[in-house]
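Participant: Structure in structure tokens, see below.
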Amino acid sequence: MPFRTERIHVVDDILMANEMAAVLGGDAEAALKSALENEHNRFEIRSIVTGFVVGDHSDNIVVDVGYKSEGIVPREEFSESEIATGSKVQVMIVEILPNGEMVLSKRQADLEIGWKGVLGNNKEGDKVRGKVVRKIKGGLLVDIGVPVFLPASQVDLRRAPDVGEYIGQEIEAEIIKIDAERKNIVVSRRKVLEEERKKNRENLVKELHVGDLREGQVKNITDFGAFIDLGGLDGLLHITDMSWGRVNHPSEVVQLGQKIEVVVLDYDAERNRISLGLKQKTRNPWEDIGDRYPLNSVHDGEVVNLMNYGAFVRLEPGIEGLVHISEMSWTKQVAHPSEAVKVADKVKVMVLDINHDKQEISLGMKQAERNPWETITERFPVGRKVKGSVKNVMNYGAFIELEEGIEGLLHVNDISWTKKLTHPSPEINKGDNLECVVLEIDKERQRISLGLKQMQPDPWTTDIPTKLQKGMVLDGKVTKITNFGVFIEVLDGLEGLLHVSEISDQPVEKPEEVLTIGQDVKVKVINVDYELRKIGLSMKGF
């Protein structure tokens with residue numbers, strides 16, 4: 001190589017021999033031989049020697065270590081401040097080539113020197129400080145002068161989800177294992193933390209008093225609360241002590257790993273249990289609740305939760321009241337709160353009741369609005385004709401909406417003067433628009449009775465007495481068959497009963513065996529009861 005210099009250290013050897021000769025009693029030859037042996041031993045493979053930077057070549061730094069030719073060290077093993085010409089450096093002899101060239105390593109020399117220093121100055125149980133440099137299989141590599149292994153299980157008091165988060169951090173750890181032959185050291189940060197935790201626990205026990213404010217970290221979250229690490233002792237922050245308002249789950253208030261300030265509510269030294277509070281840091285909003293929310297006062301609120309039996313409405317932070325489903329609407333039969341409100345809705349409510357002991361407020365939504373039933377007789381007086389849409393049909397009648405939230409019942413008996421109906425359909429169906437008459441209003445029970453047949457004159461008092469008399473023979477049509485007889489339509493919409501005993505001169509057990517619906521028949525009127533509005537018919541003799 002161009003920087004190679006052949007050297008024979010004859011002068012140095014002679015001077016060394018003379019010095020040694022003086023020591024050995026004047027035997028210069030023996031002294032020279034000893035000096036040459038020392039020189040040979042000094043340049044063995046893996047020995048560490050001191051040299052000086054004399055130049056650079058391509059990706060290598062040239063170092064003179066006093067050998068017959070300079071050695072080379074990869075440039076990457078130096079920092080910029082170490083490659084100036086004349087800089088003193090310690091290197092390890094990696095290889096001596098047949099041509100006398102020497103391959104050196106500063107990195108290996110630093111590592112070897114570091115290991116000797118660490119192994120010479122430390123033992124198992126000692127504390128060391130170092131920087132986490134990278135993540136490896138099973139844990140971390142920490143530089144304490146030499147790379148040592150920190151297992152993942154020893155990184156923290158609880159196993160960290162990702163130990164890679166510690167890379168770049170300066171940490172303190174305890175040496176738990178040294179293998180000098182393999183140059184392997186295992187350390188534990190957890191042991192240091194446990195020791196600190198024990199000391200903190202002892203100090204905390206001495207200083208802990210009910211009412212103290214303490215900073216802690218959320219260690220664990222359960223359905224009933226959160227455990228807070230106070231720095232040596234864990235305390236329970238129960239869900240009921242998190243907020244003056246209602247909390248569905250502790251995770252709504254605190255997060256894992258969060259640092260919070262809490263109040264010491266109780267400390268049981270024998271059982272080593274600490275009760276903590278968060279809401280106690282603020283004034284209890286229930287103290288003067290009656291002054292801020294007097295009975296029958298109306299307030300703005302926000303729906304925060306729905307239950308089967310009602311909705312919780314927040315009046316202010318920490319103050320929530322229940323609106324029962326029965327207090328949601330004057331006019332609608334609310335089966336579930338979601339039919340009236342949804343979460344986050346802004347609503348007006350009236351304070352109905354306050355239970356100071358249980359810290360409960362009963363609220364009403366409908367009471368914050370005008371009750372439409374208070375003026376119902378003014379809007380729908382008895383006898384007035386009204387129009388509406390059929391909202392629902394039941395066996396006993398049809399419900400007709402007269403205005404939003406106000407429905408009246410059209411009973412099946414008030415649909416027709418003449419037809420014997422057991423169900424509103426097919427005369428009336430859902431969605432039909434009808435005009436009816438208001439028959440009756442019950443304000444207390446919030447009920448309106450409607451009539452459809454009353455829209456027309458009663459034929460039993462007008463037409464029927466003149467058109468229908470006992471002894472008349474009429475053409476009719478079978479409209480309905482029962483086990484006791486058959487109904488026959490004899491006039492438009494007017495039906496009479498043909499009893500099973502009047503169907504034939506011969507005994508009849510089952511009317512459907514003799515007659516069918518829609519069949520045309522001749523019948524005789526054998527009875528007319530104008531008061532009960534019943535017509536008796538007979539087929540005997542035909």
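FYI, nothing fancy with the structure tokens labels: chains A, B, ... in order, residues from 1 per chain, ligands from 1 as they appear.
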Applying 10 Å and only C-alpha atoms, which residues near region 528-531 of chain A remain after dropping the ones on its own chain fewer than 5 positions away? List them as number ranges by chain.
Facilitator: A: 460-461, 464-465, 468-471, 496, 536-537
Participant: Just write the chosen residues, all heavy atoms, as a PDB file, in the first residue's frame.
Facilitator:
```pdb
ATOM      1  N   TRP A 460    -134.404   3.500  12.230  1.00  0.00           N
ATOM      2  CA  TRP A 460    -135.352   2.800  13.077  1.00  0.00           C
ATOM      3  C   TRP A 460    -136.480   3.732  13.555  1.00  0.00           C
ATOM      4  O   TRP A 460    -137.529   3.265  13.991  1.00  0.00           O
ATOM      5  CB  TRP A 460    -134.646   2.192  14.282  1.00  0.00           C
ATOM      6  CG  TRP A 460    -133.855   0.958  13.921  1.00  0.00           C
ATOM      7  CD1 TRP A 460    -132.565   0.889  13.590  1.00  0.00           C
ATOM      8  CD2 TRP A 460    -134.374  -0.354  13.859  1.00  0.00           C
ATOM      9  NE1 TRP A 460    -132.196  -0.393  13.318  1.00  0.00           N
ATOM     10  CE2 TRP A 460    -133.305  -1.208  13.475  1.00  0.00           C
ATOM     11  CE3 TRP A 460    -135.639  -0.940  14.068  1.00  0.00           C
ATOM     12  CZ2 TRP A 460    -133.452  -2.572  13.300  1.00  0.00           C
ATOM     13  CZ3 TRP A 460    -135.780  -2.307  13.912  1.00  0.00           C
ATOM     14  CH2 TRP A 460    -134.685  -3.109  13.525  1.00  0.00           C
ATOM     15  N   THR A 461    -136.214   4.996  13.429  1.00  0.00           N
ATOM     16  CA  THR A 461    -137.262   5.936  13.843  1.00  0.00           C
ATOM     17  C   THR A 461    -137.914   6.632  12.654  1.00  0.00           C
ATOM     18  O   THR A 461    -138.872   7.392  12.822  1.00  0.00           O
ATOM     19  CB  THR A 461    -136.665   7.020  14.770  1.00  0.00           C
ATOM     20  OG1 THR A 461    -135.652   7.727  14.073  1.00  0.00           O
ATOM     21  CG2 THR A 461    -136.102   6.385  16.030  1.00  0.00           C
ATOM     22  N   ILE A 464    -137.800   2.460   8.760  1.00  0.00           N
ATOM     23  CA  ILE A 464    -138.071   1.048   9.060  1.00  0.00           C
ATOM     24  C   ILE A 464    -139.517   0.805   9.505  1.00  0.00           C
ATOM     25  O   ILE A 464    -140.156  -0.157   9.037  1.00  0.00           O
ATOM     26  CB  ILE A 464    -137.045   0.504  10.084  1.00  0.00           C
ATOM     27  CG1 ILE A 464    -135.658   0.470   9.443  1.00  0.00           C
ATOM     28  CG2 ILE A 464    -137.457  -0.879  10.593  1.00  0.00           C
ATOM     29  CD1 ILE A 464    -134.554   0.026  10.381  1.00  0.00           C
ATOM     30  N   PRO A 465    -140.093   1.627  10.367  1.00  0.00           N
ATOM     31  CA  PRO A 465    -141.483   1.337  10.779  1.00  0.00           C
ATOM     32  C   PRO A 465    -142.472   1.299   9.623  1.00  0.00           C
ATOM     33  O   PRO A 465    -143.488   0.582   9.695  1.00  0.00           O
ATOM     34  CB  PRO A 465    -141.808   2.496  11.739  1.00  0.00           C
ATOM     35  CG  PRO A 465    -140.473   2.894  12.283  1.00  0.00           C
ATOM     36  CD  PRO A 465    -139.517   2.746  11.141  1.00  0.00           C
ATOM     37  N   LEU A 468    -141.143  -1.988   7.101  1.00  0.00           N
ATOM     38  CA  LEU A 468    -141.009  -3.333   7.644  1.00  0.00           C
ATOM     39  C   LEU A 468    -142.070  -3.566   8.711  1.00  0.00           C
ATOM     40  O   LEU A 468    -142.096  -2.859   9.727  1.00  0.00           O
ATOM     41  CB  LEU A 468    -139.602  -3.508   8.234  1.00  0.00           C
ATOM     42  CG  LEU A 468    -139.201  -4.941   8.601  1.00  0.00           C
ATOM     43  CD1 LEU A 468    -139.016  -5.777   7.332  1.00  0.00           C
ATOM     44  CD2 LEU A 468    -137.897  -4.936   9.380  1.00  0.00           C
ATOM     45  N   GLN A 469    -142.932  -4.576   8.446  1.00  0.00           N
ATOM     46  CA  GLN A 469    -143.994  -4.906   9.404  1.00  0.00           C
ATOM     47  C   GLN A 469    -144.109  -6.420   9.550  1.00  0.00           C
ATOM     48  O   GLN A 469    -143.729  -7.178   8.652  1.00  0.00           O
ATOM     49  CB  GLN A 469    -145.318  -4.323   8.924  1.00  0.00           C
ATOM     50  CG  GLN A 469    -145.347  -2.803   8.882  1.00  0.00           C
ATOM     51  CD  GLN A 469    -146.661  -2.254   8.358  1.00  0.00           C
ATOM     52  OE1 GLN A 469    -147.616  -3.020   8.074  1.00  0.00           O
ATOM     53  NE2 GLN A 469    -146.737  -0.935   8.238  1.00  0.00           N
ATOM     54  N   LYS A 470    -144.635  -6.829  10.667  1.00  0.00           N
ATOM     55  CA  LYS A 470    -144.808  -8.249  10.953  1.00  0.00           C
ATOM     56  C   LYS A 470    -145.741  -8.877   9.937  1.00  0.00           C
ATOM     57  O   LYS A 470    -146.768  -8.321   9.576  1.00  0.00           O
ATOM     58  CB  LYS A 470    -145.360  -8.405  12.367  1.00  0.00           C
ATOM     59  CG  LYS A 470    -145.509  -9.848  12.807  1.00  0.00           C
ATOM     60  CD  LYS A 470    -146.006  -9.910  14.263  1.00  0.00           C
ATOM     61  CE  LYS A 470    -146.164 -11.350  14.724  1.00  0.00           C
ATOM     62  NZ  LYS A 470    -146.650 -11.428  16.125  1.00  0.00           N
ATOM     63  N   GLY A 471    -145.340 -10.089   9.436  1.00  0.00           N
ATOM     64  CA  GLY A 471    -146.137 -10.838   8.483  1.00  0.00           C
ATOM     65  C   GLY A 471    -145.718 -10.612   7.049  1.00  0.00           C
ATOM     66  O   GLY A 471    -146.155 -11.354   6.156  1.00  0.00           O
ATOM     67  N   GLY A 496    -131.907  -9.116   9.560  1.00  0.00           N
ATOM     68  CA  GLY A 496    -132.738  -9.781  10.541  1.00  0.00           C
ATOM     69  C   GLY A 496    -132.175 -11.153  10.832  1.00  0.00           C
ATOM     70  O   GLY A 496    -131.374 -11.686  10.064  1.00  0.00           O
ATOM     71  N   GLY A 536    -137.024 -10.579  13.653  1.00  0.00           N
ATOM     72  CA  GLY A 536    -137.066 -12.033  13.628  1.00  0.00           C
ATOM     73  C   GLY A 536    -137.641 -12.518  12.311  1.00  0.00           C
ATOM     74  O   GLY A 536    -138.673 -12.025  11.849  1.00  0.00           O
ATOM     75  N   LEU A 537    -136.982 -13.521  11.672  1.00  0.00           N
ATOM     76  CA  LEU A 537    -137.391 -14.040  10.362  1.00  0.00           C
ATOM     77  C   LEU A 537    -137.633 -15.539  10.435  1.00  0.00           C
ATOM     78  O   LEU A 537    -137.154 -16.212  11.357  1.00  0.00           O
ATOM     79  CB  LEU A 537    -136.300 -13.729   9.315  1.00  0.00           C
ATOM     80  CG  LEU A 537    -135.891 -12.256   9.154  1.00  0.00           C
ATOM     81  CD1 LEU A 537    -134.689 -12.139   8.222  1.00  0.00           C
ATOM     82  CD2 LEU A 537    -137.066 -11.438   8.646  1.00  0.00           C
TER      83      LEU A 537
END
```
Participant: Please extract the residues of region 41-130 of chain A with a backbone DSSP assignment of helix (DSSP H, G or I) and present them as a PyMOL selection string.
Facilitator: chain A and resi 41-42+75-77+80-82+106-121
Participant: Atoms to include: C-alpha atoms. Write the selected residues as a PDB file, in the first residue's frame.
Facilitator:
```pdb
ATOM      1  CA  ASN A  41       4.253 -10.592  22.192  1.00  0.00           C
ATOM      2  CA  ARG A  42       2.984  -7.012  21.896  1.00  0.00           C
ATOM      3  CA  ARG A  75     -13.270   4.826   8.630  1.00  0.00           C
ATOM      4  CA  GLU A  76     -16.776   4.001   9.930  1.00  0.00           C
ATOM      5  CA  GLU A  77     -15.271   3.068  13.314  1.00  0.00           C
ATOM      6  CA  GLU A  80     -14.998  12.959  12.848  1.00  0.00           C
ATOM      7  CA  SER A  81     -13.035  14.328  15.834  1.00  0.00           C
ATOM      8  CA  GLU A  82     -10.889  11.178  16.045  1.00  0.00           C
ATOM      9  CA  LYS A 106     -10.914   0.534  16.950  1.00  0.00           C
ATOM     10  CA  ARG A 107     -14.436  -0.737  17.606  1.00  0.00           C
ATOM     11  CA  GLN A 108     -13.280  -4.104  18.905  1.00  0.00           C
ATOM     12  CA  ALA A 109     -10.642  -2.415  21.038  1.00  0.00           C
ATOM     13  CA  ASP A 110     -13.253  -0.089  22.565  1.00  0.00           C
ATOM     14  CA  LEU A 111     -15.525  -3.061  23.219  1.00  0.00           C
ATOM     15  CA  GLU A 112     -12.771  -5.092  24.850  1.00  0.00           C
ATOM     16  CA  ILE A 113     -11.647  -2.167  26.990  1.00  0.00           C
ATOM     17  CA  GLY A 114     -15.267  -1.503  27.916  1.00  0.00           C
ATOM     18  CA  TRP A 115     -15.899  -5.109  28.946  1.00  0.00           C
ATOM     19  CA  LYS A 116     -12.777  -5.133  31.112  1.00  0.00           C
ATOM     20  CA  GLY A 117     -13.909  -1.914  32.745  1.00  0.00           C
ATOM     21  CA  VAL A 118     -17.456  -3.114  33.352  1.00  0.00           C
ATOM     22  CA  LEU A 119     -16.457  -6.582  34.540  1.00  0.00           C
ATOM     23  CA  GLY A 120     -13.725  -5.146  36.707  1.00  0.00           C
ATOM     24  CA  ASN A 121     -15.891  -2.504  38.356  1.00  0.00           C
TER      25      ASN A 121
END
```
Participant: Give me the residues within 12 Å of region 268-282 of chain A as a ChimeraX atom specification, counting only C-alpha atoms and dropping any in the same chain fewer than 3 places off.
Facilitator: /A:201-202,204-206,208-216,218,225-230,232-247,250,253-254,260-265,285-287,317-318
Participant: Please produce a file of the residues just selected, as a compact mmCIF listing (two decimals), in the first residue's frame, where the atoms kept are C-alpha atoms.
Facilitator:
```txt
# COMPACT_ATOMS: atom_id res chain seq x y z
CA ARG A 201 -44.77 2.64 49.90
CA GLU A 202 -43.08 2.89 53.29
CA LEU A 204 -46.46 6.91 51.74
CA VAL A 205 -47.88 4.87 54.62
CA LYS A 206 -46.28 7.29 57.08
CA LEU A 208 -51.06 9.21 54.18
CA HIS A 209 -54.06 11.03 55.71
CA VAL A 210 -57.76 11.11 54.88
CA GLY A 211 -58.53 14.23 52.86
CA ASP A 212 -55.08 14.41 51.25
CA LEU A 213 -54.77 15.26 47.58
CA ARG A 214 -52.50 12.73 45.84
CA GLU A 215 -51.31 12.37 42.28
CA GLY A 216 -51.49 8.87 40.84
CA VAL A 218 -54.49 4.78 36.40
CA GLY A 225 -63.98 1.44 39.20
CA ALA A 226 -60.30 2.12 38.55
CA PHE A 227 -57.16 1.23 40.51
CA ILE A 228 -54.79 4.16 40.95
CA ASP A 229 -51.06 3.72 41.58
CA LEU A 230 -50.08 6.32 44.15
CA GLY A 232 -46.07 2.33 45.97
CA LEU A 233 -49.69 1.74 47.00
CA ASP A 234 -52.78 1.12 44.89
CA GLY A 235 -56.06 2.78 45.77
CA LEU A 236 -59.57 2.13 44.42
CA LEU A 237 -61.45 4.96 42.73
CA HIS A 238 -64.98 3.57 42.76
CA ILE A 239 -67.31 4.42 39.89
CA THR A 240 -69.68 6.21 42.30
CA ASP A 241 -66.85 8.53 43.39
CA MET A 242 -65.81 9.56 39.90
CA SER A 243 -68.48 12.15 39.19
CA TRP A 244 -71.45 13.80 40.86
CA GLY A 245 -73.36 12.78 37.74
CA ARG A 246 -74.18 9.32 36.46
CA VAL A 247 -71.29 7.27 34.99
CA PRO A 250 -65.24 4.13 34.45
CA VAL A 253 -63.95 9.32 33.00
CA VAL A 254 -60.41 7.87 33.14
CA ILE A 260 -54.83 12.19 37.82
CA GLU A 261 -55.15 13.93 41.17
CA VAL A 262 -57.45 12.20 43.65
CA VAL A 263 -58.69 12.67 47.24
CA VAL A 264 -57.95 10.08 49.94
CA LEU A 265 -61.39 9.14 51.30
CA PRO A 285 -73.87 20.35 43.21
CA TRP A 286 -76.68 18.72 45.24
CA GLU A 287 -76.02 20.91 48.30
CA PRO A 317 -72.60 18.81 34.91
CA GLY A 318 -73.26 16.38 37.76
```
Participant: Report as a list in words: the residues of region 373-416 of chain A with a DSSP assignment of strand (DSSP E), based on the backbone of this structure.
Facilitator: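 Going through region 373-416 of chain A, the strand (DSSP E) residues come out as Lys385, Val386, Lys387, Gly388, Ser389, Val390, Lys391, Asn392, Val393, Met394, Gly397, Ala398, Phe399, Ile400, Glu401, Leu402, Glu403, Ile406, Glu407, Gly408, Leu409, Leu410 and His411 of chain A.
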Participant: Would you list the contacts of Met328 (chain A) as a ChimeraX atom specification, taking every protein, DNA or RNA residue within 10 Å and counting only C-alpha atoms, but skipping same-chain residues closer than 6 positions in sequence?
Facilitator: /A:310-311,334,337,339-341,349,363-368
Participant: Those same residues, written as a compact mmCIF listing (two decimals), in the first residue's frame with N, CA, C and O atoms?
Facilitator:
```txt
# COMPACT_ATOMS: atom_id res chain seq x y z
N GLY A 310 -87.60 5.31 30.76
CA GLY A 310 -87.54 6.76 30.64
C GLY A 310 -86.22 7.27 30.08
O GLY A 310 -85.39 6.49 29.60
N ALA A 311 -86.03 8.60 30.16
CA ALA A 311 -84.82 9.23 29.63
C ALA A 311 -84.18 10.07 30.72
O ALA A 311 -84.86 10.76 31.49
N VAL A 334 -96.53 6.60 24.98
CA VAL A 334 -95.12 6.31 24.68
C VAL A 334 -94.76 4.95 25.27
O VAL A 334 -94.80 4.76 26.49
N PRO A 337 -88.88 5.43 25.33
CA PRO A 337 -88.43 6.83 25.21
C PRO A 337 -87.97 7.22 23.81
O PRO A 337 -88.09 8.38 23.42
N GLU A 339 -89.31 6.78 21.16
CA GLU A 339 -90.42 7.25 20.34
C GLU A 339 -90.61 8.76 20.48
O GLU A 339 -91.25 9.39 19.63
N ALA A 340 -90.03 9.33 21.56
CA ALA A 340 -90.23 10.76 21.82
C ALA A 340 -88.94 11.57 21.70
O ALA A 340 -88.95 12.71 21.24
N VAL A 341 -87.80 10.98 22.14
CA VAL A 341 -86.52 11.72 22.14
C VAL A 341 -85.39 10.79 21.75
O VAL A 341 -85.54 9.56 21.73
N VAL A 349 -87.82 20.86 30.39
CA VAL A 349 -88.39 19.96 31.40
C VAL A 349 -88.83 20.77 32.61
O VAL A 349 -88.31 21.86 32.88
N LEU A 363 -88.35 14.60 36.55
CA LEU A 363 -88.63 15.66 35.60
C LEU A 363 -89.81 15.28 34.71
O LEU A 363 -90.12 14.10 34.55
N GLY A 364 -90.43 16.28 34.13
CA GLY A 364 -91.51 16.04 33.18
C GLY A 364 -91.32 16.88 31.93
O GLY A 364 -90.99 18.06 32.03
N MET A 365 -91.49 16.25 30.79
CA MET A 365 -91.42 17.00 29.52
C MET A 365 -92.78 17.59 29.17
O MET A 365 -92.88 18.73 28.72
N LYS A 366 -93.82 16.80 29.37
CA LYS A 366 -95.15 17.26 28.96
C LYS A 366 -95.60 18.45 29.81
O LYS A 366 -96.31 19.34 29.33
N GLN A 367 -95.14 18.49 31.09
CA GLN A 367 -95.54 19.58 31.98
C GLN A 367 -94.94 20.93 31.56
O GLN A 367 -95.40 21.98 32.00
N ALA A 368 -93.87 20.87 30.74
CA ALA A 368 -93.25 22.11 30.26
C ALA A 368 -94.00 22.67 29.06
O ALA A 368 -93.64 23.73 28.54
```
Participant: May I ask which of the residues A:Ala398, A:Arg129, A:Val303, A:Asp475 is the closest one to Gly145 (chain A), counting only C-alpha atoms?
Facilitator: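 Distance minimum relative to Gly145 (chain A) lands on A:Arg129.
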Participant: Taking only C-alpha atoms into account, which of A:Asp143, A:Glu378, A:Asp463, A:Asp432 comes nearest Phe399 (chain A)?
Facilitator: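 Checking each of A:Asp143, A:Glu378, A:Asp463, A:Asp432 against Phe399 (chain A), counting only C-alpha atoms, the winner is A:Asp432.
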Participant: Skipping near chain neighbours, those fewer than 6 positions away, what residues fall within 12 Å of Ile136 (chain A) using only C-alpha atoms, listed as an MDAnalysis selection string?
Facilitator: chainID A and resid 142 147:152 162:164 167
Participant: Nearest to Met350 (chain A): which of A:Tyr293, A:Phe380, A:Trp373, A:Trp417 is it, counting only C-alpha atoms?
Facilitator: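 Ranking A:Tyr293, A:Phe380, A:Trp373, A:Trp417 by distance to Met350 (chain A), first place goes to A:Tyr293.
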Participant: So which residues touch Ile61 (chain A) within 9 Å, counting only C-alpha atoms, skipping near sequence neighbours fewer than 6 positions away, as a compact mmCIF listing (two decimals) with N, CA, C and O atoms, in the first residue's frame?
Facilitator:
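Output file out.txt follows:
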```
# COMPACT_ATOMS: atom_id res chain seq x y z
N VAL A 53 -2.92 8.35 14.44
CA VAL A 53 -3.45 8.51 13.09
C VAL A 53 -2.40 9.25 12.25
O VAL A 53 -1.93 10.34 12.62
N VAL A 54 -2.03 8.62 11.10
CA VAL A 54 -1.02 9.25 10.24
C VAL A 54 -1.59 9.63 8.87
O VAL A 54 -0.89 10.28 8.08
N GLY A 55 -2.81 9.23 8.58
CA GLY A 55 -3.39 9.59 7.30
C GLY A 55 -4.65 8.79 7.02
O GLY A 55 -5.16 8.09 7.89
N GLY A 71 -0.98 0.18 10.11
CA GLY A 71 -2.19 -0.64 10.01
C GLY A 71 -3.36 0.19 9.50
O GLY A 71 -3.29 1.43 9.49
N ILE A 72 -4.38 -0.49 9.08
CA ILE A 72 -5.57 0.21 8.56
C ILE A 72 -6.79 -0.13 9.43
O ILE A 72 -6.95 -1.25 9.91
N VAL A 73 -7.65 0.91 9.60
CA VAL A 73 -8.87 0.78 10.39
C VAL A 73 -10.03 1.33 9.54
O VAL A 73 -9.89 2.40 8.96
N PRO A 74 -11.17 0.61 9.44
CA PRO A 74 -12.30 1.14 8.68
C PRO A 74 -12.70 2.54 9.18
O PRO A 74 -12.81 2.76 10.40
N ARG A 75 -12.94 3.45 8.27
CA ARG A 75 -13.27 4.83 8.63
C ARG A 75 -14.55 4.89 9.48
O ARG A 75 -14.68 5.74 10.36
N PHE A 78 -14.60 5.41 13.32
CA PHE A 78 -14.14 6.65 13.92
C PHE A 78 -15.24 7.70 13.87
O PHE A 78 -16.07 7.72 12.97
N ILE A 83 -10.26 11.45 13.69
CA ILE A 83 -9.47 11.09 12.50
C ILE A 83 -8.44 12.16 12.12
O ILE A 83 -7.80 12.07 11.08
```
Participant: Rounded to one decimal place, report the CA of Ile45 (chain A)-CA of Gln90 (chain A) distance in Å.
Facilitator: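 Separation of CA of Ile45 (chain A) and CA of Gln90 (chain A): 14.3 Å.
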Participant: Which residues, written as a VMD selection string, have at least one atom at most 10 Å from region 513-520 of chain A, with only C-alpha atoms counted and residues fewer than 6 positions away on the same chain left out?
Facilitator: chain A and resid 475 to 481 486 to 489 503 to 504
Participant: Go ahead and save the residues from that selection, with all heavy atoms, as a compact mmCIF listing (two decimals), in the first residue's frame.
Facilitator:
```txt
# COMPACT_ATOMS: atom_id res chain seq x y z
N ASP A 475 -137.74 -10.75 0.02
CA ASP A 475 -136.55 -11.40 -0.57
C ASP A 475 -135.32 -10.94 0.21
O ASP A 475 -135.16 -9.74 0.51
CB ASP A 475 -136.40 -11.00 -2.04
CG ASP A 475 -137.51 -11.58 -2.91
OD1 ASP A 475 -137.95 -12.71 -2.61
OD2 ASP A 475 -137.93 -10.90 -3.87
N GLY A 476 -134.46 -11.88 0.55
CA GLY A 476 -133.25 -11.53 1.32
C GLY A 476 -132.02 -12.28 0.84
O GLY A 476 -132.10 -13.16 -0.02
N LYS A 477 -130.89 -11.94 1.46
CA LYS A 477 -129.62 -12.58 1.10
C LYS A 477 -128.86 -12.91 2.39
O LYS A 477 -128.77 -12.08 3.32
CB LYS A 477 -128.78 -11.66 0.22
CG LYS A 477 -127.44 -12.27 -0.21
CD LYS A 477 -126.68 -11.34 -1.14
CE LYS A 477 -127.40 -11.28 -2.48
NZ LYS A 477 -126.60 -10.50 -3.49
N VAL A 478 -128.31 -14.14 2.44
CA VAL A 478 -127.56 -14.58 3.62
C VAL A 478 -126.26 -13.77 3.72
O VAL A 478 -125.47 -13.72 2.77
CB VAL A 478 -127.24 -16.08 3.53
CG1 VAL A 478 -126.40 -16.51 4.74
CG2 VAL A 478 -128.54 -16.90 3.43
N THR A 479 -126.06 -13.13 4.89
CA THR A 479 -124.82 -12.33 5.08
C THR A 479 -123.87 -12.96 6.10
O THR A 479 -122.65 -12.75 6.03
CB THR A 479 -125.18 -10.92 5.56
OG1 THR A 479 -125.93 -11.02 6.80
CG2 THR A 479 -126.01 -10.18 4.52
N LYS A 480 -124.40 -13.74 7.05
CA LYS A 480 -123.53 -14.31 8.08
C LYS A 480 -124.21 -15.54 8.67
O LYS A 480 -125.44 -15.57 8.84
CB LYS A 480 -123.26 -13.27 9.17
CG LYS A 480 -122.27 -13.73 10.23
CD LYS A 480 -121.76 -12.57 11.08
CE LYS A 480 -122.90 -11.76 11.64
NZ LYS A 480 -122.41 -10.65 12.52
N ILE A 481 -123.39 -16.57 8.97
CA ILE A 481 -123.91 -17.81 9.54
C ILE A 481 -123.27 -18.04 10.89
O ILE A 481 -122.03 -17.96 11.03
CB ILE A 481 -123.63 -19.01 8.61
CG1 ILE A 481 -124.31 -18.82 7.25
CG2 ILE A 481 -124.11 -20.31 9.26
CD1 ILE A 481 -124.01 -19.91 6.24
N VAL A 486 -128.91 -17.64 11.22
CA VAL A 486 -128.34 -17.00 10.04
C VAL A 486 -128.86 -15.57 9.96
O VAL A 486 -130.06 -15.31 10.20
CB VAL A 486 -128.74 -17.78 8.76
CG1 VAL A 486 -128.21 -17.07 7.53
CG2 VAL A 486 -128.25 -19.22 8.82
N PHE A 487 -127.98 -14.60 9.62
CA PHE A 487 -128.40 -13.21 9.43
C PHE A 487 -128.71 -12.98 7.95
O PHE A 487 -127.92 -13.34 7.07
CB PHE A 487 -127.30 -12.24 9.90
CG PHE A 487 -127.20 -12.15 11.39
CD1 PHE A 487 -126.32 -12.96 12.11
CD2 PHE A 487 -128.03 -11.26 12.08
CE1 PHE A 487 -126.24 -12.88 13.48
CE2 PHE A 487 -127.96 -11.19 13.47
CZ PHE A 487 -127.07 -12.00 14.18
N ILE A 488 -129.87 -12.37 7.74
CA ILE A 488 -130.36 -12.15 6.38
C ILE A 488 -130.56 -10.65 6.16
O ILE A 488 -131.20 -9.98 6.97
CB ILE A 488 -131.72 -12.86 6.15
CG1 ILE A 488 -131.64 -14.35 6.58
CG2 ILE A 488 -132.15 -12.70 4.70
CD1 ILE A 488 -130.74 -15.19 5.71
N GLU A 489 -129.99 -10.13 5.07
CA GLU A 489 -130.22 -8.73 4.71
C GLU A 489 -131.53 -8.65 3.94
O GLU A 489 -131.64 -9.21 2.83
CB GLU A 489 -129.07 -8.18 3.86
CG GLU A 489 -129.23 -6.70 3.54
CD GLU A 489 -128.08 -6.14 2.72
OE1 GLU A 489 -127.21 -6.93 2.27
OE2 GLU A 489 -128.06 -4.92 2.51
N ILE A 503 -135.41 -22.24 10.28
CA ILE A 503 -134.86 -22.47 8.94
C ILE A 503 -135.73 -23.44 8.14
O ILE A 503 -135.95 -23.26 6.93
CB ILE A 503 -133.41 -23.00 9.03
CG1 ILE A 503 -132.50 -21.91 9.60
CG2 ILE A 503 -132.89 -23.45 7.66
CD1 ILE A 503 -131.06 -22.34 9.82
N SER A 504 -136.25 -24.49 8.80
CA SER A 504 -137.01 -25.51 8.08
C SER A 504 -138.03 -26.15 9.00
O SER A 504 -137.92 -26.07 10.24
CB SER A 504 -136.04 -26.57 7.53
OG SER A 504 -136.74 -27.65 6.96
```
